[in-house]
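Novice: Just one file: my_file14.pdb, with PDB, C-alpha atoms.
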ATOM      1  CA  THR A  19      85.907 152.956 134.003
ATOM      2  CA  ILE A  20      87.282 153.802 130.577
ATOM      3  CA  GLU A  21      90.696 154.497 132.116
ATOM      4  CA  ILE A  22      90.870 151.082 133.794
ATOM      5  CA  ALA A  23      89.840 149.441 130.519
ATOM      6  CA  LYS A  24      92.657 151.291 128.735
ATOM      7  CA  GLU A  25      95.168 150.187 131.375
ATOM      8  CA  LYS A  26      94.088 146.554 130.992
ATOM      9  CA  ALA A  27      94.369 146.817 127.203
ATOM     10  CA  CYS A  28      97.910 148.195 127.527
ATOM     11  CA  ASP A  29      98.879 145.334 129.847
ATOM     12  CA  MET A  30      97.402 142.690 127.544
ATOM     13  CA  LEU A  31      98.977 144.087 124.365
ATOM     14  CA  GLY A  32     102.264 145.110 125.986
ATOM     15  CA  VAL A  33     102.211 148.710 124.728
ATOM     16  CA  THR A  34     101.566 152.196 126.079
ATOM     17  CA  GLU A  35      98.326 154.095 125.505
ATOM     18  CA  LYS A  36      99.815 156.285 122.772
ATOM     19  CA  ASP A  37     100.357 153.108 120.709
ATOM     20  CA  LEU A  38      96.702 152.093 120.914
ATOM     21  CA  GLU A  39      93.734 152.751 118.669
ATOM     22  CA  ILE A  40      90.694 152.755 120.956
ATOM     23  CA  GLU A  41      86.981 152.599 120.215
ATOM     24  CA  VAL A  42      84.568 152.982 123.139
ATOM     25  CA  LEU A  43      81.845 150.319 122.878
ATOM     26  CA  GLN A  44      80.046 151.017 126.127
ATOM     27  CA  MET A  45      80.215 153.874 128.588
ATOM     28  CA  PRO A  46      80.113 152.925 132.272
ATOM     29  CA  SER A  47      77.085 153.743 134.390
ATOM     30  CA  LYS A  48      76.529 153.499 138.131
ATOM     31  CA  LYS A  49      74.127 151.063 139.771
ATOM     32  CA  LEU A  50      70.730 152.438 140.729
ATOM     33  CA  LEU A  51      70.653 152.931 144.507
ATOM     34  CA  GLY A  52      73.957 151.089 144.554
ATOM     35  CA  MET A  53      72.160 147.792 143.919
ATOM     36  CA  PHE A  54      70.480 147.549 140.512
ATOM     37  CA  GLY A  55      71.684 147.762 136.940
ATOM     38  CA  GLY A  56      74.884 149.555 136.166
ATOM     39  CA  LYS A  57      77.326 148.893 133.345
ATOM     40  CA  ILE A  58      81.080 148.492 133.151
ATOM     41  CA  ALA A  59      83.093 150.249 130.473
ATOM     42  CA  GLN A  60      83.837 148.333 127.299
ATOM     43  CA  ILE A  61      86.411 149.315 124.683
ATOM     44  CA  LYS A  62      87.869 147.854 121.531
ATOM     45  CA  ALA A  63      91.648 148.281 121.483
ATOM     46  CA  SER A  64      94.231 147.465 118.840
ATOM     47  CA  ILE A  65      97.867 148.373 118.312
ATOM     48  CA  ARG A  66      98.206 151.521 116.227
ATOM     49  CA  LYS A  67      99.884 150.910 112.883
ATOM     50  CA  PRO A  68     102.904 153.049 111.968
ATOM     51  CA  ILE A  69     101.953 155.907 109.653
ATOM     52  CA  SER A  70     104.331 154.578 106.999
ATOM     53  CA  GLN A  71     102.585 151.193 107.039
ATOM     54  CA  LYS A  72      99.147 152.793 106.760
ATOM     55  CA  ALA A  73     100.400 154.858 103.817
ATOM     56  CA  VAL A  74     101.794 151.826 101.985
ATOM     57  CA  GLU A  75      98.637 149.774 102.565
ATOM     58  CA  PHE A  76      96.445 152.592 101.265
ATOM     59  CA  LEU A  77      98.681 153.087  98.224
ATOM     60  CA  LYS A  78      98.713 149.401  97.325
ATOM     61  CA  GLU A  79      94.925 149.191  97.593
ATOM     62  CA  THR A  80      94.452 152.361  95.542
ATOM     63  CA  LEU A  81      96.861 151.207  92.832
ATOM     64  CA  TYR A  82      95.107 147.838  92.713
ATOM     65  CA  TYR A  83      91.762 149.488  91.969
ATOM     66  CA  MET A  84      93.497 151.703  89.411
ATOM     67  CA  GLY A  85      94.481 148.496  87.615
ATOM     68  CA  LEU A  86      98.166 148.952  88.540
ATOM     69  CA  LYS A  87      98.628 145.972  90.861
ATOM     70  CA  ASP A  88     102.040 145.062  89.374
ATOM     71  CA  LEU A  89     103.712 148.247  90.614
ATOM     72  CA  LYS A  90     106.159 147.945  93.507
ATOM     73  CA  VAL A  91     105.622 150.150  96.582
ATOM     74  CA  GLU A  92     108.431 150.432  99.116
ATOM     75  CA  ILE A  93     109.428 152.704 102.010
ATOM     76  CA  THR A  94     112.777 154.383 101.371
ATOM     77  CA  SER A  95     112.871 156.558 104.493
ATOM     78  CA  ASP A  96     110.792 156.417 107.670
ATOM     79  CA  GLU A  97     111.159 159.238 110.208
ATOM     80  CA  PRO A  98     108.628 160.516 112.784
ATOM     81  CA  ASP A  99     108.034 163.730 110.808
ATOM     82  CA  CYS A 100     108.500 162.471 107.263
ATOM     83  CA  CYS A 101     108.049 159.233 105.349
ATOM     84  CA  GLU A 102     109.331 158.685 101.817
ATOM     85  CA  ILE A 103     107.764 156.041  99.590
ATOM     86  CA  LYS A 104     108.882 155.016  96.114
ATOM     87  CA  ILE A 105     106.684 153.477  93.410
ATOM     88  CA  THR A 106     108.369 151.641  90.544
ATOM     89  CA  GLY A 107     107.294 149.450  87.653
ATOM     90  CA  ASP A 108     106.528 149.461  83.950
ATOM     91  CA  ASP A 109     103.221 151.324  84.320
ATOM     92  CA  VAL A 110     104.476 153.991  86.716
ATOM     93  CA  GLY A 111     103.640 156.694  84.154
ATOM     94  CA  TYR A 112      99.950 156.297  85.033
ATOM     95  CA  VAL A 113     100.785 157.232  88.624
ATOM     96  CA  ILE A 114     102.591 160.395  87.512
ATOM     97  CA  GLY A 115      99.890 161.743  85.216
ATOM     98  CA  ARG A 116     100.022 164.962  83.199
ATOM     99  CA  HIS A 117     102.620 167.325  84.693
ATOM    100  CA  GLY A 118     102.635 165.180  87.828
ATOM    101  CA  ASP A 119      98.992 165.978  88.663
ATOM    102  CA  THR A 120      98.054 162.386  89.542
ATOM    103  CA  LEU A 121     101.164 161.927  91.662
ATOM    104  CA  ASP A 122     100.529 165.135  93.614
ATOM    105  CA  SER A 123      96.890 164.198  94.243
ATOM    106  CA  LEU A 124      97.834 160.682  95.330
ATOM    107  CA  GLN A 125     100.459 162.051  97.710
ATOM    108  CA  TYR A 126      97.976 164.509  99.245
ATOM    109  CA  ILE A 127      95.247 161.908  99.806
ATOM    110  CA  THR A 128      97.698 159.321 101.154
ATOM    111  CA  ALA A 129      99.001 161.806 103.733
ATOM    112  CA  LEU A 130      95.449 162.530 104.937
ATOM    113  CA  ILE A 131      94.558 158.843 105.238
ATOM    114  CA  ALA A 132      97.827 157.803 106.883
ATOM    115  CA  ASN A 133      97.626 160.585 109.474
ATOM    116  CA  SER A 134      93.965 160.057 110.321
ATOM    117  CA  GLY A 135      93.600 159.298 114.009
ATOM    118  CA  ASN A 136      97.198 160.284 114.690
ATOM    119  CA  LYS A 137      97.382 162.287 117.903
ATOM    120  CA  GLY A 138     101.015 163.232 117.442
ATOM    121  CA  ARG A 139     102.739 165.565 114.990
ATOM    122  CA  PHE A 140     101.597 165.416 111.366
ATOM    123  CA  CYS A 141     103.887 163.161 109.337
ATOM    124  CA  LYS A 142     104.621 164.372 105.808
ATOM    125  CA  ILE A 143     104.349 161.759 103.080
ATOM    126  CA  HIS A 144     106.575 162.099 100.013
ATOM    127  CA  ILE A 145     105.821 159.751  97.125
ATOM    128  CA  ALA A 146     108.369 159.263  94.356
ATOM    129  CA  ALA A 147     107.300 157.659  91.093
ATOM    130  CA  ALA A 148     110.483 156.256  89.546
ATOM    131  CA  ASN A 149     112.769 159.330  89.184
ATOM    132  CA  TYR A 150     110.114 161.762  87.994
ATOM    133  CA  ARG A 151     110.614 164.452  90.640
ATOM    134  CA  GLU A 152     114.411 164.416  90.294
ATOM    135  CA  ASN A 153     114.194 164.692  86.504
ATOM    136  CA  HIS A 154     111.502 167.353  86.718
ATOM    137  CA  SER A 155     113.639 169.385  89.144
ATOM    138  CA  GLN A 156     116.549 169.303  86.706
ATOM    139  CA  VAL A 157     114.273 170.508  83.922
ATOM    140  CA  LEU A 158     113.027 173.391  86.092
ATOM    141  CA  VAL A 159     116.570 174.424  87.041
ATOM    142  CA  SER A 160     117.740 174.339  83.417
ATOM    143  CA  MET A 161     114.721 176.365  82.281
ATOM    144  CA  ALA A 162     115.192 178.945  85.031
ATOM    145  CA  LYS A 163     118.867 179.424  84.192
ATOM    146  CA  TYR A 164     118.004 179.772  80.499
ATOM    147  CA  TYR A 165     115.634 182.650  81.257
ATOM    148  CA  VAL A 166     118.193 184.228  83.582
ATOM    149  CA  ASP A 167     120.592 184.312  80.630
ATOM    150  CA  GLN A 168     117.876 185.911  78.483
ATOM    151  CA  VAL A 169     117.199 188.548  81.144
ATOM    152  CA  LEU A 170     120.904 189.398  81.431
ATOM    153  CA  LYS A 171     121.326 189.566  77.644
ATOM    154  CA  THR A 172     118.197 191.537  76.751
ATOM    155  CA  GLY A 173     117.434 193.455  79.929
ATOM    156  CA  LYS A 174     113.814 192.326  79.618
ATOM    157  CA  THR A 175     111.563 190.836  82.288
ATOM    158  CA  TYR A 176     110.312 187.291  81.759
ATOM    159  CA  LYS A 177     107.312 185.639  83.394
ATOM    160  CA  LEU A 178     107.442 181.839  83.543
ATOM    161  CA  TYR A 179     104.428 179.573  83.171
ATOM    162  CA  PRO A 180     102.257 178.931  86.286
ATOM    163  CA  MET A 181     103.808 176.490  88.753
ATOM    164  CA  ARG A 182     103.001 174.718  91.982
ATOM    165  CA  SER A 183     104.579 176.047  95.158
ATOM    166  CA  TYR A 184     107.287 173.375  95.333
ATOM    167  CA  GLU A 185     108.225 174.047  91.703
ATOM    168  CA  ARG A 186     108.559 177.773  92.387
ATOM    169  CA  LYS A 187     110.775 177.011  95.383
ATOM    170  CA  ILE A 188     113.087 174.982  93.149
ATOM    171  CA  VAL A 189     113.331 177.883  90.684
ATOM    172  CA  HIS A 190     113.951 180.488  93.390
ATOM    173  CA  SER A 191     116.596 178.294  95.000
ATOM    174  CA  ALA A 192     118.378 177.788  91.661
ATOM    175  CA  ILE A 193     118.614 181.481  90.729
ATOM    176  CA  GLY A 194     118.302 183.290  94.046
ATOM    177  CA  LYS A 195     121.995 184.191  94.375
ATOM    178  CA  ILE A 196     122.730 185.118  90.760
ATOM    179  CA  ASP A 197     123.942 188.715  90.436
ATOM    180  CA  GLY A 198     122.125 191.128  88.159
ATOM    181  CA  ILE A 199     118.650 189.636  88.452
ATOM    182  CA  LYS A 200     115.799 189.524  90.899
ATOM    183  CA  ALA A 201     112.922 187.069  91.046
ATOM    184  CA  TRP A 202     109.549 186.947  92.753
ATOM    185  CA  SER A 203     106.215 185.147  92.485
ATOM    186  CA  GLU A 204     102.977 186.772  91.463
ATOM    187  CA  GLY A 205      99.446 185.647  90.699
ATOM    188  CA  ASP A 206      96.842 183.701  92.633
ATOM    189  CA  GLY A 207      96.308 179.995  93.179
ATOM    190  CA  THR A 208      97.146 177.801  90.209
ATOM    191  CA  CYS A 209      98.010 180.893  88.153
ATOM    192  CA  ARG A 210     100.950 181.893  90.377
ATOM    193  CA  SER A 211     104.189 182.273  88.388
ATOM    194  CA  VAL A 212     107.843 183.176  88.883
ATOM    195  CA  VAL A 213     108.933 186.493  87.381
ATOM    196  CA  ILE A 214     112.594 187.131  86.556
ATOM    197  CA  SER A 215     113.721 190.710  86.038
ATOM    198  CA  PRO A 216     117.018 192.569  85.677
ATOM    199  CA  VAL A 217     118.273 194.600  88.604
ATOM    200  CA  ILE A 218     118.150 198.246  87.554
ATOM    201  CA  ASN A 219     121.254 200.135  88.553
ATOM    202  CA  THR A 220     120.197 203.422  90.166
ATOM    203  CA  ASN A 221     123.779 204.535  90.841
ATOM    204  CA  ASN A 222     124.391 207.845  88.993
ATOM    205  CA  GLU A 223     128.200 207.701  89.108
TER     206      GLU A 223
END
As structure tokens, what does this structure read like?

Specialist:
Amino acid sequence: TIEIAKEKACDMLGVTEKDLEIEVLQMPSKKLLGMFGGKIAQIKASIRKPISQKAVEFLKETLYYMGLKDLKVEITSDEPDCCEIKITGDDVGYVIGRHGDTLDSLQYITALIANSGNKGRFCKIHIAAANYRENHSQVLVSMAKYYVDQVLKTGKTYKLYPMRSYERKIVHSAIGKIDGIKAWSEGDGTCRSVVISPVINTNNE
């Protein structure tokens, strides 16, 4: 049976079934009249690669075909729910792309590939290209605080340029507890922006 074949594969490879990648080559069938024909189950079994390893292998292959084979790819953190990978090298700017578009796309595709066939919880893949995300976060925080100052000085409402969801979260986190202003997101899809407005005092004292 398939189950017996799986058990034998586990014994031979010294792992449990959850650590196996299994392909069924032949389904079992009973003998005709208990005497003729019949087939035993056949499977192809191999040890499942860690998601982090699959992610790194995919990244290295993709970068190679992008003509960026000299870039260094290394795992900086490897947890069951989240893996962090850092790419460094002289040509890392090509990985980042305009406004981080290439980096975001590469991260999305890598997560899909690395998690394919994974029966457990989805593992998030975070890809850092040099220090781009850290520097970009600092720029977002500085910009947000600048517009907060403008709102407090002028009493006007300011709408920032469209941002991705993680960028909006950075902005909201940076200004969320500042007195005298309120902020929210509006718009659809790629046109969604953060709006910063003064808090109108309705107290008639």

Novice: Do you have the atom CA of Asp122 of chain A-atom CA of Met181 of chain A distance handy?

Specialist: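 Separating atom CA of Asp122 of chain A from atom CA of Met181 of chain A is a distance of 12.8 Å.
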
Novice: Using the chain letters and numbers from this file, what does the PyMOL selection byres ((chain A and resi 87) around 12) select? Give the answer as number ranges by chain.

Specialist: A: 77-86, 88-91, 105-110, 112-113

Novice: Would you pick out the contacts of Leu158 of chain A at 7 Å or less, using all atoms listed in the file, so that residues sharing its chain but fewer than 4 positions from it are not included, and give the list as an MDAnalysis selection string?

Specialist: chainID A and resid 154 162 189

Novice: May I ask for the distance between atom CA of Tyr176 of chain A and atom CA of Asp119 of chain A, given in Å to one decimal place?

Specialist: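 Straight-line distance from atom CA of Tyr176 of chain A to atom CA of Asp119 of chain A works out to 25.1 Å.
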
Novice: Could you tell me which residues the PyMOL selection byres ((chain A and resi 141) around 9) returns for this structure, as a ChimeraX atom specification?

Specialist: /A:69-70,97-101,129,132-133,138-140,142-143

Novice: Which one of A:Leu31, A:Ile20, A:Ile218, A:Ile58 sits closest to Thr175 of chain A if you count all atoms listed in the file?

Specialist: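 Ranking A:Leu31, A:Ile20, A:Ile218, A:Ile58 by distance to Thr175 of chain A, first place goes to A:Ile218.
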
Novice: Just so the selection is clear, what residues does the PyMOL selection byres ((chain A and resi 37-45) around 8) cover here, as a JSON list (two decimals) with C-alpha atoms, keeping the file's coordinate frame?

Specialist:
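This went into result_9.json:
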[["chain", "number", "residue", "atom", "x", "y", "z"],
["A", 19, "THR", "CA", 85.91, 152.96, 134.00],
["A", 20, "ILE", "CA", 87.28, 153.80, 130.58],
["A", 28, "CYS", "CA", 97.91, 148.20, 127.53],
["A", 33, "VAL", "CA", 102.21, 148.71, 124.73],
["A", 34, "THR", "CA", 101.57, 152.20, 126.08],
["A", 35, "GLU", "CA", 98.33, 154.10, 125.50],
["A", 36, "LYS", "CA", 99.82, 156.28, 122.77],
["A", 46, "PRO", "CA", 80.11, 152.93, 132.27],
["A", 47, "SER", "CA", 77.08, 153.74, 134.39],
["A", 57, "LYS", "CA", 77.33, 148.89, 133.34],
["A", 58, "ILE", "CA", 81.08, 148.49, 133.15],
["A", 59, "ALA", "CA", 83.09, 150.25, 130.47],
["A", 60, "GLN", "CA", 83.84, 148.33, 127.30],
["A", 61, "ILE", "CA", 86.41, 149.32, 124.68],
["A", 62, "LYS", "CA", 87.87, 147.85, 121.53],
["A", 63, "ALA", "CA", 91.65, 148.28, 121.48],
["A", 64, "SER", "CA", 94.23, 147.46, 118.84],
["A", 65, "ILE", "CA", 97.87, 148.37, 118.31],
["A", 66, "ARG", "CA", 98.21, 151.52, 116.23]]

Novice: Atoms are missing here; could segment 123-157 of chain A be completed with N, CA and C atoms and written as a PDB file, in the frame of the given file?

Specialist:
ATOM      1  N   SER A 123      98.184 164.501  93.627  1.00  0.00           N
ATOM      2  CA  SER A 123      96.890 164.198  94.243  1.00  0.00           C
ATOM      3  C   SER A 123      96.989 162.941  95.107  1.00  0.00           C
ATOM      4  N   LEU A 124      97.669 161.932  94.592  1.00  0.00           N
ATOM      5  CA  LEU A 124      97.834 160.682  95.330  1.00  0.00           C
ATOM      6  C   LEU A 124      98.629 160.906  96.608  1.00  0.00           C
ATOM      7  N   GLN A 125      99.647 161.739  96.528  1.00  0.00           N
ATOM      8  CA  GLN A 125     100.459 162.051  97.710  1.00  0.00           C
ATOM      9  C   GLN A 125      99.632 162.783  98.763  1.00  0.00           C
ATOM     10  N   TYR A 126      98.807 163.724  98.327  1.00  0.00           N
ATOM     11  CA  TYR A 126      97.976 164.509  99.245  1.00  0.00           C
ATOM     12  C   TYR A 126      96.965 163.616  99.975  1.00  0.00           C
ATOM     13  N   ILE A 127      96.269 162.769  99.212  1.00  0.00           N
ATOM     14  CA  ILE A 127      95.247 161.908  99.806  1.00  0.00           C
ATOM     15  C   ILE A 127      95.880 160.878 100.736  1.00  0.00           C
ATOM     16  N   THR A 128      97.017 160.314 100.329  1.00  0.00           N
ATOM     17  CA  THR A 128      97.698 159.321 101.154  1.00  0.00           C
ATOM     18  C   THR A 128      98.110 159.911 102.494  1.00  0.00           C
ATOM     19  N   ALA A 129      98.592 161.148 102.487  1.00  0.00           N
ATOM     20  CA  ALA A 129      99.001 161.806 103.733  1.00  0.00           C
ATOM     21  C   ALA A 129      97.804 161.985 104.664  1.00  0.00           C
ATOM     22  N   LEU A 130      96.651 162.353 104.116  1.00  0.00           N
ATOM     23  CA  LEU A 130      95.449 162.530 104.937  1.00  0.00           C
ATOM     24  C   LEU A 130      95.010 161.210 105.559  1.00  0.00           C
ATOM     25  N   ILE A 131      94.998 160.147 104.760  1.00  0.00           N
ATOM     26  CA  ILE A 131      94.558 158.843 105.238  1.00  0.00           C
ATOM     27  C   ILE A 131      95.528 158.294 106.281  1.00  0.00           C
ATOM     28  N   ALA A 132      96.816 158.377 105.991  1.00  0.00           N
ATOM     29  CA  ALA A 132      97.827 157.803 106.883  1.00  0.00           C
ATOM     30  C   ALA A 132      97.870 158.520 108.233  1.00  0.00           C
ATOM     31  N   ASN A 133      97.571 159.807 108.236  1.00  0.00           N
ATOM     32  CA  ASN A 133      97.626 160.585 109.474  1.00  0.00           C
ATOM     33  C   ASN A 133      96.303 160.622 110.223  1.00  0.00           C
ATOM     34  N   SER A 134      95.267 160.034 109.656  1.00  0.00           N
ATOM     35  CA  SER A 134      93.965 160.057 110.321  1.00  0.00           C
ATOM     36  C   SER A 134      94.046 159.300 111.650  1.00  0.00           C
ATOM     37  N   GLY A 135      93.555 159.914 112.689  1.00  0.00           N
ATOM     38  CA  GLY A 135      93.600 159.298 114.009  1.00  0.00           C
ATOM     39  C   GLY A 135      94.929 159.450 114.720  1.00  0.00           C
ATOM     40  N   ASN A 136      95.894 160.080 114.065  1.00  0.00           N
ATOM     41  CA  ASN A 136      97.198 160.284 114.690  1.00  0.00           C
ATOM     42  C   ASN A 136      97.143 161.470 115.640  1.00  0.00           C
ATOM     43  N   LYS A 137      97.449 161.233 116.896  1.00  0.00           N
ATOM     44  CA  LYS A 137      97.382 162.287 117.903  1.00  0.00           C
ATOM     45  C   LYS A 137      98.686 163.058 118.022  1.00  0.00           C
ATOM     46  N   GLY A 138      99.725 162.561 117.362  1.00  0.00           N
ATOM     47  CA  GLY A 138     101.015 163.232 117.442  1.00  0.00           C
ATOM     48  C   GLY A 138     101.182 164.256 116.340  1.00  0.00           C
ATOM     49  N   ARG A 139     102.426 164.590 116.035  1.00  0.00           N
ATOM     50  CA  ARG A 139     102.739 165.565 114.990  1.00  0.00           C
ATOM     51  C   ARG A 139     102.411 164.999 113.614  1.00  0.00           C
ATOM     52  N   PHE A 140     101.939 165.847 112.723  1.00  0.00           N
ATOM     53  CA  PHE A 140     101.597 165.416 111.366  1.00  0.00           C
ATOM     54  C   PHE A 140     102.852 164.925 110.649  1.00  0.00           C
ATOM     55  N   CYS A 141     102.752 163.749 110.062  1.00  0.00           N
ATOM     56  CA  CYS A 141     103.887 163.161 109.337  1.00  0.00           C
ATOM     57  C   CYS A 141     103.715 163.425 107.837  1.00  0.00           C
ATOM     58  N   LYS A 142     104.671 164.093 107.243  1.00  0.00           N
ATOM     59  CA  LYS A 142     104.621 164.372 105.808  1.00  0.00           C
ATOM     60  C   LYS A 142     104.897 163.083 105.020  1.00  0.00           C
ATOM     61  N   ILE A 143     104.166 162.918 103.947  1.00  0.00           N
ATOM     62  CA  ILE A 143     104.349 161.759 103.080  1.00  0.00           C
ATOM     63  C   ILE A 143     104.856 162.242 101.728  1.00  0.00           C
ATOM     64  N   HIS A 144     106.022 161.782 101.336  1.00  0.00           N
ATOM     65  CA  HIS A 144     106.575 162.099 100.013  1.00  0.00           C
ATOM     66  C   HIS A 144     106.553 160.828  99.163  1.00  0.00           C
ATOM     67  N   ILE A 145     105.905 160.907  98.017  1.00  0.00           N
ATOM     68  CA  ILE A 145     105.821 159.751  97.125  1.00  0.00           C
ATOM     69  C   ILE A 145     106.623 160.032  95.859  1.00  0.00           C
ATOM     70  N   ALA A 146     107.559 159.159  95.576  1.00  0.00           N
ATOM     71  CA  ALA A 146     108.369 159.263  94.356  1.00  0.00           C
ATOM     72  C   ALA A 146     107.909 158.194  93.379  1.00  0.00           C
ATOM     73  N   ALA A 147     107.667 158.593  92.150  1.00  0.00           N
ATOM     74  CA  ALA A 147     107.300 157.659  91.093  1.00  0.00           C
ATOM     75  C   ALA A 147     108.486 157.541  90.149  1.00  0.00           C
ATOM     76  N   ALA A 148     109.223 156.416  90.263  1.00  0.00           N
ATOM     77  CA  ALA A 148     110.483 156.256  89.546  1.00  0.00           C
ATOM     78  C   ALA A 148     111.381 157.439  89.905  1.00  0.00           C
ATOM     79  N   ASN A 149     111.916 158.159  88.921  1.00  0.00           N
ATOM     80  CA  ASN A 149     112.769 159.330  89.184  1.00  0.00           C
ATOM     81  C   ASN A 149     112.133 160.604  88.646  1.00  0.00           C
ATOM     82  N   TYR A 150     110.803 160.628  88.616  1.00  0.00           N
ATOM     83  CA  TYR A 150     110.114 161.762  87.994  1.00  0.00           C
ATOM     84  C   TYR A 150     110.470 163.079  88.646  1.00  0.00           C
ATOM     85  N   ARG A 151     110.391 163.168  89.969  1.00  0.00           N
ATOM     86  CA  ARG A 151     110.614 164.452  90.640  1.00  0.00           C
ATOM     87  C   ARG A 151     112.041 164.937  90.440  1.00  0.00           C
ATOM     88  N   GLU A 152     113.016 164.011  90.501  1.00  0.00           N
ATOM     89  CA  GLU A 152     114.411 164.416  90.294  1.00  0.00           C
ATOM     90  C   GLU A 152     114.607 164.962  88.887  1.00  0.00           C
ATOM     91  N   ASN A 153     114.063 164.248  87.894  1.00  0.00           N
ATOM     92  CA  ASN A 153     114.194 164.692  86.504  1.00  0.00           C
ATOM     93  C   ASN A 153     113.456 166.007  86.271  1.00  0.00           C
ATOM     94  N   HIS A 154     112.286 166.127  86.879  1.00  0.00           N
ATOM     95  CA  HIS A 154     111.502 167.353  86.718  1.00  0.00           C
ATOM     96  C   HIS A 154     112.221 168.542  87.348  1.00  0.00           C
ATOM     97  N   SER A 155     112.882 168.313  88.479  1.00  0.00           N
ATOM     98  CA  SER A 155     113.639 169.385  89.144  1.00  0.00           C
ATOM     99  C   SER A 155     114.777 169.866  88.248  1.00  0.00           C
ATOM    100  N   GLN A 156     115.454 168.930  87.607  1.00  0.00           N
ATOM    101  CA  GLN A 156     116.549 169.303  86.706  1.00  0.00           C
ATOM    102  C   GLN A 156     116.048 170.123  85.533  1.00  0.00           C
ATOM    103  N   VAL A 157     114.871 169.752  85.031  1.00  0.00           N
ATOM    104  CA  VAL A 157     114.273 170.508  83.922  1.00  0.00           C
ATOM    105  C   VAL A 157     113.941 171.927  84.367  1.00  0.00           C
TER     106      VAL A 157
END
